[in-house]
Structures are given as C-alpha cells and as structure tokens.
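Peer 1: Below you'll find start_9.cif; it's mmCIF, N, CA and C atoms.
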```cif
data_protein
loop_
_atom_site.group_PDB
_atom_site.id
_atom_site.type_symbol
_atom_site.label_atom_id
_atom_site.label_comp_id
_atom_site.auth_asym_id
_atom_site.auth_seq_id
_atom_site.Cartn_x
_atom_site.Cartn_y
_atom_site.Cartn_z
ATOM 1 N N MET A 25 33.268 45.332 -15.152
ATOM 2 C CA MET A 25 33.102 46.553 -14.374
ATOM 3 C C MET A 25 31.883 47.284 -14.929
ATOM 4 N N SER A 26 31.128 47.812 -14.028
ATOM 5 C CA SER A 26 29.988 48.625 -14.435
ATOM 6 C C SER A 26 30.499 50.012 -14.815
ATOM 7 N N ALA A 27 30.474 50.285 -16.104
ATOM 8 C CA ALA A 27 30.950 51.592 -16.578
ATOM 9 C C ALA A 27 30.136 52.721 -15.966
ATOM 10 N N GLN A 28 28.862 52.476 -15.766
ATOM 11 C CA GLN A 28 27.986 53.494 -15.189
ATOM 12 C C GLN A 28 28.396 53.814 -13.742
ATOM 13 N N GLU A 29 28.677 52.793 -12.967
ATOM 14 C CA GLU A 29 29.096 53.007 -11.575
ATOM 15 C C GLU A 29 30.464 53.682 -11.504
ATOM 16 N N TYR A 30 31.360 53.290 -12.406
ATOM 17 C CA TYR A 30 32.683 53.914 -12.458
ATOM 18 C C TYR A 30 32.545 55.410 -12.760
ATOM 19 N N GLU A 31 31.723 55.749 -13.727
ATOM 20 C CA GLU A 31 31.516 57.161 -14.074
ATOM 21 C C GLU A 31 30.848 57.915 -12.932
ATOM 22 N N ARG A 32 29.922 57.256 -12.252
ATOM 23 C CA ARG A 32 29.276 57.865 -11.090
ATOM 24 C C ARG A 32 30.323 58.180 -10.012
ATOM 25 N N ALA A 33 31.219 57.234 -9.767
ATOM 26 C CA ALA A 33 32.283 57.443 -8.779
ATOM 27 C C ALA A 33 33.197 58.586 -9.212
ATOM 28 N N ARG A 34 33.500 58.672 -10.506
ATOM 29 C CA ARG A 34 34.345 59.764 -11.006
ATOM 30 C C ARG A 34 33.693 61.121 -10.760
ATOM 31 N N LEU A 35 32.377 61.168 -10.895
ATOM 32 C CA LEU A 35 31.661 62.421 -10.627
ATOM 33 C C LEU A 35 31.785 62.819 -9.156
ATOM 34 N N PHE A 36 31.597 61.861 -8.260
ATOM 35 C CA PHE A 36 31.759 62.159 -6.833
ATOM 36 C C PHE A 36 33.195 62.590 -6.532
ATOM 37 N N PHE A 37 34.152 61.933 -7.170
ATOM 38 C CA PHE A 37 35.554 62.311 -6.980
ATOM 39 C C PHE A 37 35.775 63.745 -7.453
ATOM 40 N N ALA A 38 35.244 64.077 -8.616
ATOM 41 C CA ALA A 38 35.397 65.428 -9.162
ATOM 42 C C ALA A 38 34.757 66.481 -8.259
ATOM 43 N N MET A 39 33.686 66.086 -7.556
ATOM 44 C CA MET A 39 33.021 67.009 -6.627
ATOM 45 C C MET A 39 33.702 67.022 -5.255
ATOM 46 N N LYS A 40 34.814 66.296 -5.156
ATOM 47 C CA LYS A 40 35.604 66.188 -3.925
ATOM 48 C C LYS A 40 34.865 65.496 -2.786
ATOM 49 N N ASP A 41 33.907 64.656 -3.153
ATOM 50 C CA ASP A 41 33.234 63.795 -2.179
ATOM 51 C C ASP A 41 33.956 62.454 -2.236
ATOM 52 N N TYR A 42 35.156 62.448 -1.666
ATOM 53 C CA TYR A 42 36.046 61.306 -1.798
ATOM 54 C C TYR A 42 35.541 60.063 -1.074
ATOM 55 N N SER A 43 34.882 60.225 0.046
ATOM 56 C CA SER A 43 34.370 59.061 0.780
ATOM 57 C C SER A 43 33.295 58.327 -0.020
ATOM 58 N N THR A 44 32.386 59.078 -0.634
ATOM 59 C CA THR A 44 31.354 58.444 -1.452
ATOM 60 C C THR A 44 31.978 57.800 -2.679
ATOM 61 N N ALA A 45 32.908 58.486 -3.295
ATOM 62 C CA ALA A 45 33.606 57.916 -4.455
ATOM 63 C C ALA A 45 34.287 56.606 -4.067
ATOM 64 N N ALA A 46 34.931 56.588 -2.910
ATOM 65 C CA ALA A 46 35.627 55.375 -2.453
ATOM 66 C C ALA A 46 34.646 54.231 -2.229
ATOM 67 N N ARG A 47 33.509 54.532 -1.650
ATOM 68 C CA ARG A 47 32.514 53.490 -1.384
ATOM 69 C C ARG A 47 32.041 52.855 -2.696
ATOM 70 N N ILE A 48 31.768 53.684 -3.676
ATOM 71 C CA ILE A 48 31.315 53.180 -4.972
ATOM 72 C C ILE A 48 32.435 52.406 -5.672
ATOM 73 N N LEU A 49 33.625 52.974 -5.646
ATOM 74 C CA LEU A 49 34.755 52.339 -6.328
ATOM 75 C C LEU A 49 35.150 51.019 -5.695
ATOM 76 N N ALA A 50 34.991 50.890 -4.387
ATOM 77 C CA ALA A 50 35.296 49.615 -3.732
ATOM 78 C C ALA A 50 34.425 48.512 -4.320
ATOM 79 N N GLU A 51 33.174 48.829 -4.593
ATOM 80 C CA GLU A 51 32.269 47.852 -5.209
ATOM 81 C C GLU A 51 32.665 47.575 -6.658
ATOM 82 N N VAL A 52 33.060 48.624 -7.372
ATOM 83 C CA VAL A 52 33.492 48.460 -8.764
ATOM 84 C C VAL A 52 34.717 47.549 -8.822
ATOM 85 N N VAL A 53 35.672 47.793 -7.949
ATOM 86 C CA VAL A 53 36.907 47.003 -7.931
ATOM 87 C C VAL A 53 36.629 45.543 -7.572
ATOM 88 N N GLU A 54 35.634 45.307 -6.738
ATOM 89 C CA GLU A 54 35.266 43.928 -6.401
ATOM 90 C C GLU A 54 34.856 43.141 -7.636
ATOM 91 N N THR A 55 34.190 43.791 -8.566
ATOM 92 C CA THR A 55 33.726 43.097 -9.768
ATOM 93 C C THR A 55 34.723 43.176 -10.917
ATOM 94 N N ALA A 56 35.672 44.087 -10.827
ATOM 95 C CA ALA A 56 36.673 44.265 -11.895
ATOM 96 C C ALA A 56 38.062 44.319 -11.275
ATOM 97 N N ARG A 57 38.473 43.228 -10.689
ATOM 98 C CA ARG A 57 39.737 43.172 -9.937
ATOM 99 C C ARG A 57 40.965 43.529 -10.770
ATOM 100 N N GLU A 58 40.902 43.318 -12.058
ATOM 101 C CA GLU A 58 42.061 43.573 -12.913
ATOM 102 C C GLU A 58 42.121 45.007 -13.436
ATOM 103 N N SER A 59 41.146 45.822 -13.120
ATOM 104 C CA SER A 59 41.114 47.191 -13.630
ATOM 105 C C SER A 59 42.063 48.085 -12.837
ATOM 106 N N VAL A 60 43.199 48.384 -13.432
ATOM 107 C CA VAL A 60 44.181 49.253 -12.789
ATOM 108 C C VAL A 60 43.604 50.657 -12.630
ATOM 109 N N ALA A 61 42.869 51.130 -13.623
ATOM 110 C CA ALA A 61 42.311 52.488 -13.570
ATOM 111 C C ALA A 61 41.350 52.643 -12.394
ATOM 112 N N ALA A 62 40.457 51.680 -12.209
ATOM 113 C CA ALA A 62 39.493 51.752 -11.104
ATOM 114 C C ALA A 62 40.204 51.656 -9.766
ATOM 115 N N ARG A 63 41.171 50.763 -9.670
ATOM 116 C CA ARG A 63 41.899 50.586 -8.416
ATOM 117 C C ARG A 63 42.732 51.837 -8.087
ATOM 118 N N LEU A 64 43.312 52.454 -9.099
ATOM 119 C CA LEU A 64 44.097 53.668 -8.874
ATOM 120 C C LEU A 64 43.192 54.825 -8.436
ATOM 121 N N LEU A 65 42.027 54.947 -9.036
ATOM 122 C CA LEU A 65 41.091 55.989 -8.619
ATOM 123 C C LEU A 65 40.595 55.715 -7.200
ATOM 124 N N LEU A 66 40.379 54.452 -6.861
ATOM 125 C CA LEU A 66 39.999 54.095 -5.493
ATOM 126 C C LEU A 66 41.096 54.503 -4.518
ATOM 127 N N ALA A 67 42.337 54.222 -4.859
ATOM 128 C CA ALA A 67 43.461 54.615 -3.996
ATOM 129 C C ALA A 67 43.507 56.130 -3.827
ATOM 130 N N ARG A 68 43.269 56.857 -4.889
ATOM 131 C CA ARG A 68 43.261 58.322 -4.812
ATOM 132 C C ARG A 68 42.131 58.808 -3.910
ATOM 133 N N ALA A 69 40.957 58.187 -4.025
ATOM 134 C CA ALA A 69 39.829 58.571 -3.172
ATOM 135 C C ALA A 69 40.151 58.289 -1.708
ATOM 136 N N TYR A 70 40.763 57.140 -1.436
ATOM 137 C CA TYR A 70 41.175 56.829 -0.063
ATOM 138 C C TYR A 70 42.205 57.847 0.426
ATOM 139 N N TYR A 71 43.179 58.166 -0.411
ATOM 140 C CA TYR A 71 44.230 59.125 -0.044
ATOM 141 C C TYR A 71 43.615 60.480 0.323
ATOM 142 N N HIS A 72 42.738 60.974 -0.518
ATOM 143 C CA HIS A 72 42.158 62.298 -0.294
ATOM 144 C C HIS A 72 41.159 62.328 0.853
ATOM 145 N N SER A 73 40.644 61.164 1.254
ATOM 146 C CA SER A 73 39.744 61.115 2.408
ATOM 147 C C SER A 73 40.485 60.630 3.654
ATOM 148 N N ALA A 74 41.811 60.670 3.601
ATOM 149 C CA ALA A 74 42.692 60.335 4.727
ATOM 150 C C ALA A 74 42.519 58.900 5.223
ATOM 151 N N GLN A 75 42.140 58.009 4.330
ATOM 152 C CA GLN A 75 42.093 56.579 4.651
ATOM 153 C C GLN A 75 43.401 55.971 4.138
ATOM 154 N N LEU A 76 44.475 56.331 4.817
ATOM 155 C CA LEU A 76 45.813 56.072 4.298
ATOM 156 C C LEU A 76 46.184 54.601 4.256
ATOM 157 N N THR A 77 45.743 53.832 5.216
ATOM 158 C CA THR A 77 46.047 52.394 5.206
ATOM 159 C C THR A 77 45.394 51.731 4.007
ATOM 160 N N ARG A 78 44.160 52.111 3.734
ATOM 161 C CA ARG A 78 43.463 51.568 2.563
ATOM 162 C C ARG A 78 44.108 52.042 1.268
ATOM 163 N N ALA A 79 44.498 53.305 1.227
ATOM 164 C CA ALA A 79 45.167 53.828 0.032
ATOM 165 C C ALA A 79 46.452 53.045 -0.230
ATOM 166 N N GLU A 80 47.224 52.833 0.824
ATOM 167 C CA GLU A 80 48.476 52.080 0.683
ATOM 168 C C GLU A 80 48.206 50.678 0.139
ATOM 169 N N ALA A 81 47.215 50.004 0.676
ATOM 170 C CA ALA A 81 46.911 48.638 0.225
ATOM 171 C C ALA A 81 46.528 48.613 -1.254
ATOM 172 N N GLU A 82 45.694 49.560 -1.674
ATOM 173 C CA GLU A 82 45.282 49.595 -3.078
ATOM 174 C C GLU A 82 46.453 49.934 -3.990
ATOM 175 N N LEU A 83 47.295 50.856 -3.565
ATOM 176 C CA LEU A 83 48.450 51.230 -4.383
ATOM 177 C C LEU A 83 49.421 50.061 -4.518
ATOM 178 N N ARG A 84 49.592 49.303 -3.461
ATOM 179 C CA ARG A 84 50.457 48.117 -3.548
ATOM 180 C C ARG A 84 49.859 47.086 -4.507
ATOM 181 N N ARG A 85 48.533 46.961 -4.514
ATOM 182 C CA ARG A 85 47.882 46.048 -5.471
ATOM 183 C C ARG A 85 48.075 46.532 -6.906
ATOM 184 N N VAL A 86 47.963 47.839 -7.106
ATOM 185 C CA VAL A 86 48.208 48.398 -8.444
ATOM 186 C C VAL A 86 49.621 48.051 -8.889
ATOM 187 N N LEU A 87 50.585 48.242 -7.998
ATOM 188 C CA LEU A 87 51.979 47.986 -8.357
ATOM 189 C C LEU A 87 52.273 46.506 -8.538
ATOM 190 N N GLU A 88 51.516 45.638 -7.891
ATOM 191 C CA GLU A 88 51.652 44.196 -8.157
ATOM 192 C C GLU A 88 51.223 43.896 -9.586
ATOM 193 N N GLN A 89 50.153 44.545 -10.035
ATOM 194 C CA GLN A 89 49.645 44.339 -11.389
ATOM 195 C C GLN A 89 50.504 45.053 -12.432
ATOM 196 N N ASP A 90 50.986 46.231 -12.079
ATOM 197 C CA ASP A 90 51.714 47.064 -13.039
ATOM 198 C C ASP A 90 52.876 47.758 -12.324
ATOM 199 N N PRO A 91 54.013 47.067 -12.192
ATOM 200 C CA PRO A 91 55.145 47.603 -11.426
ATOM 201 C C PRO A 91 55.736 48.911 -11.970
ATOM 202 N N VAL A 92 55.430 49.257 -13.201
ATOM 203 C CA VAL A 92 55.979 50.486 -13.773
ATOM 204 C C VAL A 92 54.940 51.607 -13.834
ATOM 205 N N GLU A 93 53.882 51.500 -13.054
ATOM 206 C CA GLU A 93 52.858 52.554 -12.971
ATOM 207 C C GLU A 93 53.444 53.679 -12.120
ATOM 208 N N SER A 94 54.009 54.677 -12.795
ATOM 209 C CA SER A 94 54.760 55.730 -12.102
ATOM 210 C C SER A 94 53.890 56.536 -11.135
ATOM 211 N N TYR A 95 52.653 56.807 -11.517
ATOM 212 C CA TYR A 95 51.789 57.591 -10.639
ATOM 213 C C TYR A 95 51.478 56.820 -9.357
ATOM 214 N N ALA A 96 51.360 55.510 -9.437
ATOM 215 C CA ALA A 96 51.129 54.691 -8.239
ATOM 216 C C ALA A 96 52.340 54.773 -7.306
ATOM 217 N N HIS A 97 53.537 54.783 -7.875
ATOM 218 C CA HIS A 97 54.738 54.945 -7.039
ATOM 219 C C HIS A 97 54.719 56.307 -6.349
ATOM 220 N N LEU A 98 54.380 57.347 -7.097
ATOM 221 C CA LEU A 98 54.312 58.692 -6.521
ATOM 222 C C LEU A 98 53.283 58.749 -5.391
ATOM 223 N N MET A 99 52.094 58.235 -5.662
ATOM 224 C CA MET A 99 51.046 58.260 -4.630
ATOM 225 C C MET A 99 51.412 57.422 -3.421
ATOM 226 N N LEU A 100 52.030 56.268 -3.655
ATOM 227 C CA LEU A 100 52.437 55.434 -2.529
ATOM 228 C C LEU A 100 53.481 56.163 -1.698
ATOM 229 N N GLY A 101 54.411 56.829 -2.356
ATOM 230 C CA GLY A 101 55.401 57.623 -1.623
ATOM 231 C C GLY A 101 54.741 58.702 -0.789
ATOM 232 N N ARG A 102 53.802 59.425 -1.365
ATOM 233 C CA ARG A 102 53.103 60.492 -0.621
ATOM 234 C C ARG A 102 52.265 59.912 0.523
ATOM 235 N N THR A 103 51.637 58.765 0.275
ATOM 236 C CA THR A 103 50.832 58.108 1.310
ATOM 237 C C THR A 103 51.711 57.683 2.477
ATOM 238 N N LEU A 104 52.849 57.119 2.174
ATOM 239 C CA LEU A 104 53.781 56.706 3.234
ATOM 240 C C LEU A 104 54.322 57.918 3.990
ATOM 241 N N GLU A 105 54.597 59.006 3.275
ATOM 242 C CA GLU A 105 55.035 60.242 3.939
ATOM 243 C C GLU A 105 53.988 60.723 4.937
ATOM 244 N N ARG A 106 52.733 60.698 4.541
ATOM 245 C CA ARG A 106 51.651 61.160 5.433
ATOM 246 C C ARG A 106 51.529 60.271 6.667
ATOM 247 N N GLN A 107 52.085 59.070 6.588
ATOM 248 C CA GLN A 107 52.084 58.162 7.731
ATOM 249 C C GLN A 107 53.420 58.221 8.484
ATOM 250 N N SER A 108 54.233 59.215 8.161
ATOM 251 C CA SER A 108 55.562 59.406 8.770
ATOM 252 C C SER A 108 56.476 58.206 8.548
ATOM 253 N N ARG A 109 56.388 57.631 7.374
ATOM 254 C CA ARG A 109 57.230 56.502 7.002
ATOM 255 C C ARG A 109 58.151 56.952 5.867
ATOM 256 N N ASP A 110 58.942 57.981 6.187
ATOM 257 C CA ASP A 110 59.745 58.679 5.186
ATOM 258 C C ASP A 110 60.766 57.786 4.485
ATOM 259 N N GLU A 111 61.372 56.886 5.219
ATOM 260 C CA GLU A 111 62.385 56.025 4.614
ATOM 261 C C GLU A 111 61.766 55.128 3.537
ATOM 262 N N GLU A 112 60.622 54.540 3.840
ATOM 263 C CA GLU A 112 59.901 53.723 2.854
ATOM 264 C C GLU A 112 59.436 54.581 1.680
ATOM 265 N N ALA A 113 58.967 55.770 1.998
ATOM 266 C CA ALA A 113 58.439 56.673 0.973
ATOM 267 C C ALA A 113 59.518 57.067 -0.034
ATOM 268 N N ALA A 114 60.721 57.291 0.447
ATOM 269 C CA ALA A 114 61.798 57.787 -0.408
ATOM 270 C C ALA A 114 62.034 56.886 -1.616
ATOM 271 N N ARG A 115 61.992 55.588 -1.427
ATOM 272 C CA ARG A 115 62.220 54.640 -2.525
ATOM 273 C C ARG A 115 61.186 54.842 -3.628
ATOM 274 N N HIS A 116 59.940 54.936 -3.247
ATOM 275 C CA HIS A 116 58.868 55.082 -4.239
ATOM 276 C C HIS A 116 58.906 56.455 -4.902
ATOM 277 N N LEU A 117 59.253 57.468 -4.148
ATOM 278 C CA LEU A 117 59.347 58.812 -4.724
ATOM 279 C C LEU A 117 60.495 58.896 -5.727
ATOM 280 N N ARG A 118 61.609 58.233 -5.416
ATOM 281 C CA ARG A 118 62.735 58.205 -6.368
ATOM 282 C C ARG A 118 62.335 57.484 -7.652
ATOM 283 N N LEU A 119 61.648 56.350 -7.495
ATOM 284 C CA LEU A 119 61.195 55.614 -8.680
ATOM 285 C C LEU A 119 60.243 56.462 -9.512
ATOM 286 N N ALA A 120 59.306 57.126 -8.857
ATOM 287 C CA ALA A 120 58.344 57.959 -9.573
ATOM 288 C C ALA A 120 59.064 59.077 -10.326
ATOM 289 N N GLU A 121 60.021 59.698 -9.673
ATOM 290 C CA GLU A 121 60.775 60.778 -10.319
ATOM 291 C C GLU A 121 61.541 60.248 -11.531
ATOM 292 N N ALA A 122 62.172 59.102 -11.369
ATOM 293 C CA ALA A 122 62.927 58.521 -12.466
ATOM 294 C C ALA A 122 62.030 58.168 -13.646
ATOM 295 N N MET A 123 60.777 57.836 -13.342
ATOM 296 C CA MET A 123 59.809 57.478 -14.393
ATOM 297 C C MET A 123 59.092 58.702 -14.951
ATOM 298 N N GLY A 124 59.334 59.864 -14.347
ATOM 299 C CA GLY A 124 58.740 61.089 -14.857
ATOM 300 C C GLY A 124 57.348 61.396 -14.366
ATOM 301 N N ALA A 125 56.968 60.856 -13.205
ATOM 302 C CA ALA A 125 55.630 61.122 -12.657
ATOM 303 C C ALA A 125 55.541 62.553 -12.160
ATOM 304 N N GLY A 126 54.322 63.128 -12.229
ATOM 305 C CA GLY A 126 54.063 64.480 -11.738
ATOM 306 C C GLY A 126 53.793 64.498 -10.240
ATOM 307 N N GLN A 127 53.003 65.441 -9.780
ATOM 308 C CA GLN A 127 52.684 65.590 -8.369
ATOM 309 C C GLN A 127 51.271 65.111 -8.085
ATOM 310 N N VAL A 128 51.039 64.679 -6.818
ATOM 311 C CA VAL A 128 49.687 64.285 -6.376
ATOM 312 C C VAL A 128 48.879 65.530 -6.205
#
```
Would you write the structure of this file as structure tokens?
Peer 2:
Amino acid sequence: MSAQEYERARLFFAMKDYSTAARILAEVVETARESVAARLLLARAYYHSAQLTRAEAELRRVLEQDPVESYAHLMLGRTLERQSRDEEAARHLRLAEAMGAGQV
C-alpha cells in the first residue's frame, strides 16, 4: 500500500470530501487487498458519500477478513438501515453492541 496515498485519502476524508477520498482509497485497496484499515476507511467514505451499495460490499469484505471487527458490524448495520433493510441491519447492530462498538 502506498502510505502516501493512504494519508492523502485520510486528509480528504478529514475535509469531508468523501467522494475524492473514496476514489483514492479504491486505488489503495487494489494494491493492498489485505489492509483492513484501508478497506474500512474506504467503506466509511462510501457510506458518507451515500454510495451505500459500495459501502456494504466493502464492509462485507472487511468482515470476511476480520469477523470480529465490531466497527464494521456497526457500520454495516447503519448502511443496511439507510437502505431500509432493518431486519438484516438488526443482526449486525446487535453484534456491534455486544462487542462494544460506538456510533457511526
């Protein structure tokens, strides 16, 4: 993973330019497929830029790599809620709560 590109994406994310952050992070994730941190930040950028289908896909990939990533469960629950998929969301929100995750 290009640490420089990852940091650049974090800056765009911090400035709330989520679409630009997502574009950069998508490239970072392509070269560093195993990076849970980059993939989770990409999912967050997608979530905040209302690219919910993409956010869901990235969060599911995070959970495939790390099934006990509580924040990914929380975000997936919130993402599913925003898509009016409350029944699916409830499972992930319960898991996140049980694991002690905070709020999105």
Peer 1: Expand the PyMOL selection byres (((chain A and resi 47 and name CA) around 12) and name CA) into the individual residues it matches in the shown file, reporting them as a compact mmCIF listing (two decimals) with N, CA and C atoms, in the coordinates of the input.
Peer 2:
```txt
# COMPACT_ATOMS: atom_id res chain seq x y z
N GLU A 29 28.68 52.79 -12.97
CA GLU A 29 29.10 53.01 -11.58
C GLU A 29 30.46 53.68 -11.50
N TYR A 30 31.36 53.29 -12.41
CA TYR A 30 32.68 53.91 -12.46
C TYR A 30 32.54 55.41 -12.76
N ARG A 32 29.92 57.26 -12.25
CA ARG A 32 29.28 57.86 -11.09
C ARG A 32 30.32 58.18 -10.01
N ALA A 33 31.22 57.23 -9.77
CA ALA A 33 32.28 57.44 -8.78
C ALA A 33 33.20 58.59 -9.21
N ARG A 34 33.50 58.67 -10.51
CA ARG A 34 34.34 59.76 -11.01
C ARG A 34 33.69 61.12 -10.76
N PHE A 36 31.60 61.86 -8.26
CA PHE A 36 31.76 62.16 -6.83
C PHE A 36 33.20 62.59 -6.53
N PHE A 37 34.15 61.93 -7.17
CA PHE A 37 35.55 62.31 -6.98
C PHE A 37 35.78 63.74 -7.45
N ASP A 41 33.91 64.66 -3.15
CA ASP A 41 33.23 63.80 -2.18
C ASP A 41 33.96 62.45 -2.24
N TYR A 42 35.16 62.45 -1.67
CA TYR A 42 36.05 61.31 -1.80
C TYR A 42 35.54 60.06 -1.07
N SER A 43 34.88 60.22 0.05
CA SER A 43 34.37 59.06 0.78
C SER A 43 33.30 58.33 -0.02
N THR A 44 32.39 59.08 -0.63
CA THR A 44 31.35 58.44 -1.45
C THR A 44 31.98 57.80 -2.68
N ALA A 45 32.91 58.49 -3.30
CA ALA A 45 33.61 57.92 -4.46
C ALA A 45 34.29 56.61 -4.07
N ALA A 46 34.93 56.59 -2.91
CA ALA A 46 35.63 55.38 -2.45
C ALA A 46 34.65 54.23 -2.23
N ILE A 48 31.77 53.68 -3.68
CA ILE A 48 31.32 53.18 -4.97
C ILE A 48 32.44 52.41 -5.67
N LEU A 49 33.62 52.97 -5.65
CA LEU A 49 34.76 52.34 -6.33
C LEU A 49 35.15 51.02 -5.70
N ALA A 50 34.99 50.89 -4.39
CA ALA A 50 35.30 49.62 -3.73
C ALA A 50 34.42 48.51 -4.32
N GLU A 51 33.17 48.83 -4.59
CA GLU A 51 32.27 47.85 -5.21
C GLU A 51 32.66 47.58 -6.66
N VAL A 52 33.06 48.62 -7.37
CA VAL A 52 33.49 48.46 -8.76
C VAL A 52 34.72 47.55 -8.82
N VAL A 53 35.67 47.79 -7.95
CA VAL A 53 36.91 47.00 -7.93
C VAL A 53 36.63 45.54 -7.57
N GLU A 54 35.63 45.31 -6.74
CA GLU A 54 35.27 43.93 -6.40
C GLU A 54 34.86 43.14 -7.64
N LEU A 65 42.03 54.95 -9.04
CA LEU A 65 41.09 55.99 -8.62
C LEU A 65 40.60 55.72 -7.20
N LEU A 66 40.38 54.45 -6.86
CA LEU A 66 40.00 54.10 -5.49
C LEU A 66 41.10 54.50 -4.52
N ALA A 67 42.34 54.22 -4.86
CA ALA A 67 43.46 54.62 -4.00
C ALA A 67 43.51 56.13 -3.83
N ALA A 69 40.96 58.19 -4.03
CA ALA A 69 39.83 58.57 -3.17
C ALA A 69 40.15 58.29 -1.71
N TYR A 70 40.76 57.14 -1.44
CA TYR A 70 41.18 56.83 -0.06
C TYR A 70 42.20 57.85 0.43
N SER A 73 40.64 61.16 1.25
CA SER A 73 39.74 61.12 2.41
C SER A 73 40.48 60.63 3.65
N GLN A 75 42.14 58.01 4.33
CA GLN A 75 42.09 56.58 4.65
C GLN A 75 43.40 55.97 4.14
N ARG A 78 44.16 52.11 3.73
CA ARG A 78 43.46 51.57 2.56
C ARG A 78 44.11 52.04 1.27
```
Peer 1: Looking only at helix (DSSP H, G or I) from DSSP on the backbone, list the matching residues of chain A as a PyMOL selection string.
Peer 2: chain A and resi 27-38+42-55+60-72+76-89+94-106+110-123
Peer 1: If I take atom CA of Thr103 of chain A and atom CA of Gln28 of chain A, how far is one from the other in Å, to one decimal?
Peer 2: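 The value is 28.6 Å.
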Peer 1: Find, counting all atoms listed in the file, the residue in A:Arg115, A:Asp110, A:Ala79, A:Ala120 that gets nearest to Tyr95 of chain A.
Peer 2: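 The answer is A:Ala120, which sits nearest to Tyr95 of chain A.
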Peer 1: To one decimal in Å, tell me the separation between atom CA of Glu31 of chain A and atom CA of Glu88 of chain A.
Peer 2: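 Between atom CA of Glu31 of chain A and atom CA of Glu88 of chain A the gap works out to 24.7 Å.
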Peer 1: Could you state the separation of atom C of Thr55 of chain A and atom CA of His116 of chain A in Å, given to one decimal place?
Peer 2: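 Between atom C of Thr55 of chain A and atom CA of His116 of chain A the gap works out to 27.7 Å.
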Peer 1: Name all residues at most 8 Å from Arg102 of chain A (count all atoms listed in the file; drop same-chain ones fewer than 5 positions away) and give them as number ranges by chain.
Peer 2: A: 96-97, 107-108, 113-114, 116-117, 128
Peer 1: For N, CA and C atoms, I'd like the residues from the last selection saved as a JSON list (two decimals), in the coordinates of the input.
Peer 2:
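So again_4.json came out as:
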```json
[["chain", "number", "residue", "atom", "x", "y", "z"],
["A", 96, "ALA", "N", 51.36, 55.51, -9.44],
["A", 96, "ALA", "CA", 51.13, 54.69, -8.24],
["A", 96, "ALA", "C", 52.34, 54.77, -7.31],
["A", 97, "HIS", "N", 53.54, 54.78, -7.88],
["A", 97, "HIS", "CA", 54.74, 54.94, -7.04],
["A", 97, "HIS", "C", 54.72, 56.31, -6.35],
["A", 107, "GLN", "N", 52.08, 59.07, 6.59],
["A", 107, "GLN", "CA", 52.08, 58.16, 7.73],
["A", 107, "GLN", "C", 53.42, 58.22, 8.48],
["A", 108, "SER", "N", 54.23, 59.22, 8.16],
["A", 108, "SER", "CA", 55.56, 59.41, 8.77],
["A", 108, "SER", "C", 56.48, 58.21, 8.55],
["A", 113, "ALA", "N", 58.97, 55.77, 2.00],
["A", 113, "ALA", "CA", 58.44, 56.67, 0.97],
["A", 113, "ALA", "C", 59.52, 57.07, -0.03],
["A", 114, "ALA", "N", 60.72, 57.29, 0.45],
["A", 114, "ALA", "CA", 61.80, 57.79, -0.41],
["A", 114, "ALA", "C", 62.03, 56.89, -1.62],
["A", 116, "HIS", "N", 59.94, 54.94, -3.25],
["A", 116, "HIS", "CA", 58.87, 55.08, -4.24],
["A", 116, "HIS", "C", 58.91, 56.46, -4.90],
["A", 117, "LEU", "N", 59.25, 57.47, -4.15],
["A", 117, "LEU", "CA", 59.35, 58.81, -4.72],
["A", 117, "LEU", "C", 60.50, 58.90, -5.73],
["A", 128, "VAL", "N", 51.04, 64.68, -6.82],
["A", 128, "VAL", "CA", 49.69, 64.28, -6.38],
["A", 128, "VAL", "C", 48.88, 65.53, -6.20]]
```
Peer 1: Which one is closest to Val86 of chain A: A:Leu119, A:His72, A:Leu64, A:Leu104? Count only N, CA and C atoms.
Peer 2: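 Smallest distance to Val86 of chain A is found for A:Leu64.
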Peer 1: Could you check the closest approach to Glu82 of chain A for each of A:Lys40, A:Arg68, A:Arg109, A:Arg118 and tell me which residue wins, using only N, CA and C atoms?
Peer 2: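 Smallest distance to Glu82 of chain A is found for A:Arg68.
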Peer 1: Around all the atoms of segment 58-74 of chain A listed in the file, with 5 Å of room on each side, what axis-aligned box do you get, giving centre and edge lengths in Å to one decimal, as AutoDock Vina command-line options?
Peer 2:
```
--center_x 41.9 --center_y 52.8 --center_z -4.2 --size_x 14.7 --size_y 29.0 --size_z 28.9
```
Peer 1: Determine the nearest neighbour of Ala122 of chain A from the options A:Val92, A:Leu100, A:Ala74, A:Leu83, counting only C-alpha atoms.
Peer 2: A:Val92
